[in-house]
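File shown: entry34.cif (mmCIF, C-alpha atoms).
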data_entry
loop_
_atom_site.label_atom_id
_atom_site.label_comp_id
_atom_site.auth_asym_id
_atom_site.auth_seq_id
_atom_site.Cartn_x
_atom_site.Cartn_y
_atom_site.Cartn_z
CA MET A 35 0.00 0.00 0.00
CA LEU A 36 1.21 3.51 -0.86
CA ARG A 37 0.87 6.30 1.71
CA ALA A 38 2.02 9.47 -0.08
CA LEU A 39 2.63 10.97 -3.51
CA VAL A 40 5.81 12.77 -4.51
CA THR A 41 5.69 14.51 -7.86
CA ASP A 42 7.91 16.61 -10.07
CA VAL A 43 6.52 19.95 -11.25
CA ASP A 44 7.79 21.17 -14.64
CA GLY A 45 6.80 18.78 -17.41
CA THR A 46 4.81 16.61 -15.01
CA ILE A 47 1.96 18.69 -13.61
CA THR A 48 2.34 21.36 -16.31
CA ASP A 49 1.74 21.47 -20.03
CA SER A 50 4.51 21.85 -22.60
CA ALA A 51 4.48 25.64 -22.05
CA ARG A 52 5.05 25.21 -18.25
CA ARG A 53 1.51 26.24 -17.36
CA ILE A 54 -0.07 24.30 -14.50
CA ASP A 55 -2.44 21.72 -15.96
CA PRO A 56 -5.96 22.20 -14.48
CA GLY A 57 -6.60 18.46 -14.41
CA ALA A 58 -3.33 17.79 -12.58
CA LEU A 59 -4.13 20.52 -10.05
CA ALA A 60 -7.59 19.02 -9.47
CA CYS A 61 -5.98 15.60 -8.86
CA ILE A 62 -3.58 17.04 -6.29
CA GLN A 63 -6.37 18.86 -4.49
CA SER A 64 -8.55 15.74 -4.48
CA LEU A 65 -5.75 13.62 -3.01
CA ALA A 66 -5.01 16.22 -0.36
CA GLU A 67 -8.69 16.45 0.58
CA ASP A 68 -8.71 12.65 1.00
CA GLY A 69 -5.80 12.87 3.44
CA ILE A 70 -3.07 11.72 1.06
CA GLU A 71 0.20 13.58 1.63
CA VAL A 72 1.30 15.23 -1.63
CA VAL A 73 4.96 16.28 -1.84
CA LEU A 74 6.09 18.58 -4.65
CA ALA A 75 9.68 17.98 -5.84
CA SER A 76 11.48 20.37 -8.18
CA GLY A 77 14.67 22.14 -9.14
CA ASN A 78 12.93 25.40 -8.23
CA THR A 79 13.73 27.46 -5.13
CA ALA A 80 12.27 26.87 -1.68
CA CYS A 81 10.28 30.11 -1.75
CA PHE A 82 8.77 29.11 -5.10
CA MET A 83 7.87 25.69 -3.74
CA ASP A 84 6.31 27.21 -0.62
CA ALA A 85 4.03 29.40 -2.72
CA LEU A 86 3.18 26.60 -5.14
CA SER A 87 2.34 24.24 -2.27
CA LYS A 88 -0.09 26.80 -0.83
CA MET A 89 -1.74 27.40 -4.19
CA ALA A 90 -2.01 23.66 -4.90
CA GLY A 91 -3.53 22.93 -1.51
CA THR A 92 -0.88 20.57 -0.09
CA LYS A 93 0.37 20.44 3.51
CA GLY A 94 3.55 22.27 2.52
CA THR A 95 6.08 19.44 2.34
CA PHE A 96 8.47 19.82 -0.60
CA ILE A 97 11.82 18.97 -2.12
CA ALA A 98 13.52 21.92 -3.82
CA GLU A 99 16.75 22.60 -5.73
CA ASN A 100 16.89 19.04 -7.11
CA GLY A 101 17.19 17.57 -3.63
CA GLY A 102 19.39 20.28 -2.15
CA VAL A 103 16.59 21.53 0.12
CA TYR A 104 13.57 19.94 1.76
CA ARG A 105 10.92 20.83 4.33
CA ILE A 106 8.20 18.93 6.21
CA GLY A 107 5.01 21.02 6.42
CA TYR A 108 4.67 24.78 6.40
CA SER A 109 6.10 25.24 9.90
CA GLY A 110 8.93 22.75 9.46
CA GLU A 111 12.62 23.56 9.38
CA VAL A 112 14.13 24.14 5.94
CA HIS A 113 16.86 21.50 5.63
CA VAL A 114 19.75 22.47 3.37
CA ILE A 115 21.89 19.61 2.07
CA GLY A 116 25.19 20.05 0.32
CA ASP A 117 27.71 22.84 0.00
CA GLN A 118 26.76 25.81 -2.16
CA ALA A 119 30.33 27.11 -1.85
CA ILE A 120 31.38 24.28 -4.17
CA CYS A 121 28.75 25.40 -6.67
CA ARG A 122 29.89 29.03 -6.42
CA ARG A 123 33.48 28.09 -7.22
CA ALA A 124 32.27 26.05 -10.18
CA LEU A 125 30.14 28.96 -11.35
CA GLU A 126 33.14 31.30 -11.20
CA THR A 127 35.05 28.88 -13.41
CA LEU A 128 32.16 28.79 -15.87
CA GLN A 129 31.68 32.54 -15.94
CA ALA A 130 35.37 33.02 -16.74
CA HIS A 131 35.20 30.33 -19.42
CA PHE A 132 32.20 31.79 -21.22
CA ARG A 133 33.24 35.45 -20.81
CA GLU A 134 36.25 34.67 -22.95
CA LYS A 135 33.67 33.92 -25.65
CA GLY A 136 31.67 37.07 -24.91
CA ILE A 137 28.86 35.13 -23.20
CA GLU A 138 27.29 36.00 -19.85
CA LEU A 139 25.38 33.30 -18.03
CA ASP A 140 21.77 34.14 -17.17
CA LEU A 141 21.42 33.09 -13.52
CA TYR A 142 18.09 31.96 -12.09
CA SER A 143 17.21 33.40 -8.65
CA PRO A 144 20.75 33.12 -7.19
CA THR A 145 19.86 35.08 -4.04
CA TYR A 146 17.02 32.70 -3.23
CA ARG A 147 18.99 29.47 -3.58
CA PHE A 148 20.53 27.71 -0.59
CA ALA A 149 22.18 24.60 -2.04
CA ASP A 150 22.55 24.72 -5.82
CA LEU A 151 22.92 27.35 -8.53
CA ALA A 152 21.04 27.45 -11.83
CA PHE A 153 21.24 29.30 -15.12
CA ALA A 154 19.51 29.43 -18.49
CA ARG A 155 20.15 26.78 -21.14
CA THR A 156 21.78 29.34 -23.43
CA VAL A 157 25.08 27.43 -23.42
CA PRO A 158 25.63 23.73 -24.20
CA ALA A 159 25.39 21.48 -21.16
CA GLU A 160 28.19 19.29 -22.53
CA GLU A 161 30.51 22.29 -22.73
CA VAL A 162 29.61 23.15 -19.12
CA LYS A 163 30.55 19.62 -18.06
CA GLU A 164 33.84 19.80 -19.95
CA ALA A 165 34.72 23.17 -18.41
CA LEU A 166 34.10 21.77 -14.91
CA ALA A 167 35.86 18.43 -15.38
CA GLY A 168 37.64 17.49 -12.16
CA GLN A 169 35.55 19.74 -9.91
CA PRO A 170 33.37 18.03 -7.25
CA VAL A 171 30.11 19.26 -8.71
CA GLN A 172 27.21 17.79 -10.66
CA VAL A 173 25.94 19.43 -13.84
CA ILE A 174 22.23 18.70 -14.16
CA ASP A 175 20.37 19.65 -17.33
CA THR A 176 16.69 19.42 -16.41
CA GLY A 177 15.49 20.60 -19.81
CA TYR A 178 14.42 23.87 -18.22
CA ALA A 179 17.69 25.03 -16.66
CA ILE A 180 21.25 23.88 -16.04
CA HIS A 181 21.96 23.32 -12.35
CA LEU A 182 25.21 23.03 -10.43
CA GLN A 183 24.77 20.73 -7.44
CA SER A 184 27.04 19.10 -4.88
CA GLU A 185 27.93 15.52 -5.70
CA GLY A 186 25.75 12.77 -4.29
CA ILE A 187 22.59 14.86 -3.96
CA SER A 188 19.40 14.22 -5.92
CA LYS A 189 15.65 14.12 -5.46
CA GLY A 190 16.07 10.40 -4.87
CA THR A 191 18.63 10.67 -2.07
CA THR A 192 16.63 13.44 -0.41
CA LEU A 193 13.46 11.35 -0.58
CA LEU A 194 15.21 8.94 1.83
CA SER A 195 15.73 11.73 4.39
CA LEU A 196 12.29 13.23 3.87
CA ALA A 197 10.56 9.85 4.27
CA ARG A 198 12.50 9.17 7.47
CA ASP A 199 11.52 12.53 8.95
CA MET A 200 7.88 11.85 8.04
CA GLY A 201 7.98 8.47 9.76
CA LEU A 202 7.64 6.68 6.44
CA SER A 203 9.73 4.51 4.15
CA PRO A 204 10.61 5.61 0.60
CA LYS A 205 8.67 2.52 -0.46
CA ASP A 206 5.51 4.16 0.95
CA PHE A 207 5.70 6.77 -1.82
CA PHE A 208 4.10 6.83 -5.24
CA ALA A 209 6.45 8.94 -7.39
CA ILE A 210 5.75 10.65 -10.72
CA GLY A 211 8.27 12.58 -12.81
CA ASP A 212 9.57 13.10 -16.32
CA GLY A 213 13.09 14.54 -16.18
CA ILE A 214 16.51 12.93 -15.92
CA ASN A 215 16.67 14.50 -12.45
CA ASP A 216 13.61 12.44 -11.46
CA ALA A 217 15.09 9.02 -12.26
CA GLY A 218 16.56 8.43 -8.79
CA MET A 219 13.32 9.49 -7.11
CA LEU A 220 11.30 7.04 -9.20
CA ALA A 221 13.75 4.23 -8.46
CA ALA A 222 13.69 4.90 -4.70
CA ALA A 223 9.89 5.03 -4.39
CA GLY A 224 7.55 2.11 -3.84
CA LYS A 225 6.09 2.78 -7.28
CA GLY A 226 7.77 5.12 -9.75
CA VAL A 227 5.83 6.17 -12.83
CA THR A 228 6.79 8.41 -15.71
CA LEU A 229 5.09 10.05 -18.68
CA ALA A 230 5.20 9.84 -22.46
CA ASN A 231 7.28 13.04 -22.65
CA ALA A 232 9.92 11.68 -20.24
CA HIS A 233 13.67 11.45 -20.79
CA ALA A 234 14.79 8.02 -22.01
CA GLU A 235 16.79 7.37 -18.82
CA THR A 236 13.78 8.25 -16.71
CA LYS A 237 11.66 5.73 -18.60
CA LYS A 238 14.26 3.06 -17.81
CA ALA A 239 14.05 3.87 -14.10
CA ALA A 240 10.24 3.82 -13.99
CA ALA A 241 8.03 0.85 -13.20
CA ASP A 242 5.39 2.13 -15.61
CA VAL A 243 5.22 4.65 -18.47
CA MET A 244 1.99 6.44 -19.28
CA ASP A 245 0.95 6.73 -22.92
CA THR A 246 0.20 10.44 -22.57
CA GLY A 247 2.49 13.24 -21.46
CA TYR A 248 2.73 16.30 -19.24
CA GLY A 249 -0.25 17.08 -16.98
CA THR A 250 -2.53 14.75 -18.92
CA GLY A 251 -0.14 11.88 -18.23
CA PHE A 252 -0.01 12.84 -14.55
CA VAL A 253 -3.80 12.60 -14.36
CA GLN A 254 -3.66 9.23 -16.11
CA ALA A 255 -1.08 7.96 -13.60
CA VAL A 256 -3.03 9.15 -10.56
CA LYS A 257 -6.25 7.59 -11.82
CA LYS A 258 -4.50 4.30 -12.55
CA TYR A 259 -2.80 4.02 -9.15
CA ARG A 260 -5.33 5.85 -6.94
CA PRO A 261 -6.72 2.51 -5.58
CA TYR A 262 -3.27 1.78 -4.09
CA LEU A 263 -3.05 5.08 -2.19
CA ARG A 264 -4.26 5.23 1.40
CA ALA A 265 -4.12 8.08 3.91
CA ARG A 266 -1.68 7.63 6.78
#
Written as structure tokens, that's how I'd like the structure from this file.
Amino acid sequence: MLRALVTDVDGTITDSARRIDPGALACIQSLAEDGIEVVLASGNTACFMDALSKMAGTKGTFIAENGGVYRIGYSGEVHVIGDQAICRRALETLQAHFREKGIELDLYSPTYRFADLAFARTVPAEEVKEALAGQPVQVIDTGYAIHLQSEGISKGTTLLSLARDMGLSPKDFFAIGDGINDAGMLAAAGKGVTLANAHAETKKAAADVMDTGYGTGFVQAVKKYRPYLRAR
């Protein structure tokens, strides 16, 4: 039996233009009203996730910054995992590398991030990886941004800590996601499901792949597995 849902945001509960899918939002609200804990998991900042949780009607538990930050409930402590100083040093290397080519990186909300750093996909992710070879940092291309994250941190590893703090096992979670950064989360959960628009590696990590994508696929997944979800 599954006791909670953890879901990615961009590409999973949105449409292809990153607008929240009304059907996906209705599913989340219905689950929450039935007492099912819904955890939003994203590469976005903690303040973004706090606002989104309120608007979606969840209890406020989230994973942010691709696992670099998590919180249990609205009044819970914000747990920061990893070392942003490592990411800052990596960013300095990148900025110097691309400035030689006349390119400035477009940073995403750097003052609101606690664990990782993110910038626009205006430069090739492979070139970023090459420029940072040998540095103890992950380069994560989510399809929406390029993130610099401490090694060993992901939505999947943070799900282990979050589940423990909630008094649950990762196997109590039903997980849905589409990005390469969701693969570990799907593998760690009791049931990991992905969507038609998912990255190929994410499909390999999932126990089931929906035949529709984005928010429509999320709705399909929830309807299919709703009988296995029970309130705590």
Nearest-residue call for Glu164 in chain A, choices A:Thr191, A:Phe148, A:Ala124, A:Met200, using only C-alpha atoms: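 Selected residue with least distance to Glu164 in chain A: A:Ala124.
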Output of the PyMOL selection byres ((chain A and resi 234) around 12), listed as a ChimeraX atom specification: /A:212-217,228-233,235-240,243
Computed interatomic separation between CA of Gln183 in chain A and CA of Ala38 in chain A (Å): 26.4 Å
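The two atoms in question, CA of Ala154 in chain A and CA of Leu141 in chain A, are spaced 6.5 Å apart.
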Interatomic distance (Å, one decimal) between CA of Gly168 in chain A and CA of Arg123 in chain A: 12.4 Å
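Neighbouring residues of range 193-199 of chain A at 8 Å or closer, counting all atoms listed in the file and skipping chain neighbours under 5 positions away, are Ile97, Gly101, Tyr104, Arg105, Ile106, Pro204, Met219 and Ala222 of chain A.
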Cut-off 10 Å around (11.8, 28.8, -9.3) with all atoms listed in the file: residues as a PyMOL selection string: chain A and resi 76-83+86+98-99+142-143+146-147+152
Run through the PyMOL selection byres ((chain A and resi 108) around 8) on the given coordinates and return the selected residues as a compact mmCIF listing (two decimals) with C-alpha atoms, in the frame of the given file.
# COMPACT_ATOMS: atom_id res chain seq x y z
CA ASP A 84 6.31 27.21 -0.62
CA LYS A 93 0.37 20.44 3.51
CA GLY A 94 3.55 22.27 2.52
CA THR A 95 6.08 19.44 2.34
CA ARG A 105 10.92 20.83 4.33
CA ILE A 106 8.20 18.93 6.21
CA GLY A 107 5.01 21.02 6.42
CA SER A 109 6.10 25.24 9.90
CA GLY A 110 8.93 22.75 9.46
Starting from the PyMOL selection byres ((chain A and resi 158) around 12), expand the selection into actual residues of this file and give them as a PDB file with C-alpha atoms, keeping the file's coordinate frame.
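Final file, out_23.pdb:
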ATOM      1  CA  LEU A 128      32.160  28.790 -15.870  1.00  0.00           C
ATOM      2  CA  PHE A 132      32.200  31.790 -21.220  1.00  0.00           C
ATOM      3  CA  ILE A 137      28.860  35.130 -23.200  1.00  0.00           C
ATOM      4  CA  LEU A 139      25.380  33.300 -18.030  1.00  0.00           C
ATOM      5  CA  PHE A 153      21.240  29.300 -15.120  1.00  0.00           C
ATOM      6  CA  ALA A 154      19.510  29.430 -18.490  1.00  0.00           C
ATOM      7  CA  ARG A 155      20.150  26.780 -21.140  1.00  0.00           C
ATOM      8  CA  THR A 156      21.780  29.340 -23.430  1.00  0.00           C
ATOM      9  CA  VAL A 157      25.080  27.430 -23.420  1.00  0.00           C
ATOM     10  CA  ALA A 159      25.390  21.480 -21.160  1.00  0.00           C
ATOM     11  CA  GLU A 160      28.190  19.290 -22.530  1.00  0.00           C
ATOM     12  CA  GLU A 161      30.510  22.290 -22.730  1.00  0.00           C
ATOM     13  CA  VAL A 162      29.610  23.150 -19.120  1.00  0.00           C
ATOM     14  CA  LYS A 163      30.550  19.620 -18.060  1.00  0.00           C
ATOM     15  CA  GLU A 164      33.840  19.800 -19.950  1.00  0.00           C
ATOM     16  CA  ALA A 165      34.720  23.170 -18.410  1.00  0.00           C
ATOM     17  CA  VAL A 173      25.940  19.430 -13.840  1.00  0.00           C
ATOM     18  CA  ILE A 174      22.230  18.700 -14.160  1.00  0.00           C
ATOM     19  CA  ASP A 175      20.370  19.650 -17.330  1.00  0.00           C
ATOM     20  CA  GLY A 177      15.490  20.600 -19.810  1.00  0.00           C
ATOM     21  CA  ALA A 179      17.690  25.030 -16.660  1.00  0.00           C
ATOM     22  CA  ILE A 180      21.250  23.880 -16.040  1.00  0.00           C
TER      23      ILE A 180
END
Test item: which residues lie within 10 Å of (8.4, 23.3, -16.5) counting only C-alpha atoms, as a ChimeraX atom specification: /A:42-54,76-78,176-179,213,248
Pick from A:Ala130, A:Ala223, A:Leu166, A:Ala149 nearest to Lys205 in chain A, counting all atoms listed in the file: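 Of the candidates, the smallest distance to Lys205 in chain A is held by A:Ala223.
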Option closest in space to Ala209 in chain A, from A:Lys88, A:Lys135, A:Arg266, A:Lys189 [counting all atoms listed in the file]: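 Looking at the shortest contact to Ala209 in chain A, the residue is A:Lys189.
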Using all atoms listed in the file: which of A:Gly224, A:Ser188, A:Tyr262, A:Ala241 has the shortest distance to Val103 in chain A: A:Ser188
Counting only C-alpha atoms, what is within 12 Å of Gly57 in chain A, bar same-chain residues fewer than 6 positions away, as a compact mmCIF listing (two decimals) with C-alpha atoms, keeping the file's coordinate frame?
# COMPACT_ATOMS: atom_id res chain seq x y z
CA THR A 46 4.81 16.61 -15.01
CA ILE A 47 1.96 18.69 -13.61
CA THR A 48 2.34 21.36 -16.31
CA ASP A 49 1.74 21.47 -20.03
CA GLN A 63 -6.37 18.86 -4.49
CA SER A 64 -8.55 15.74 -4.48
CA ALA A 90 -2.01 23.66 -4.90
CA TYR A 248 2.73 16.30 -19.24
CA GLY A 249 -0.25 17.08 -16.98
CA THR A 250 -2.53 14.75 -18.92
CA GLY A 251 -0.14 11.88 -18.23
CA PHE A 252 -0.01 12.84 -14.55
CA VAL A 253 -3.80 12.60 -14.36
CA GLN A 254 -3.66 9.23 -16.11
CA ALA A 255 -1.08 7.96 -13.60
CA VAL A 256 -3.03 9.15 -10.56
CA LYS A 257 -6.25 7.59 -11.82
Of the listed residues A:Leu59, A:Val40, A:Ile210, A:Val114, that which approaches Glu71 in chain A most closely, counting all atoms listed in the file: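 Smallest distance to Glu71 in chain A is found for A:Val40.
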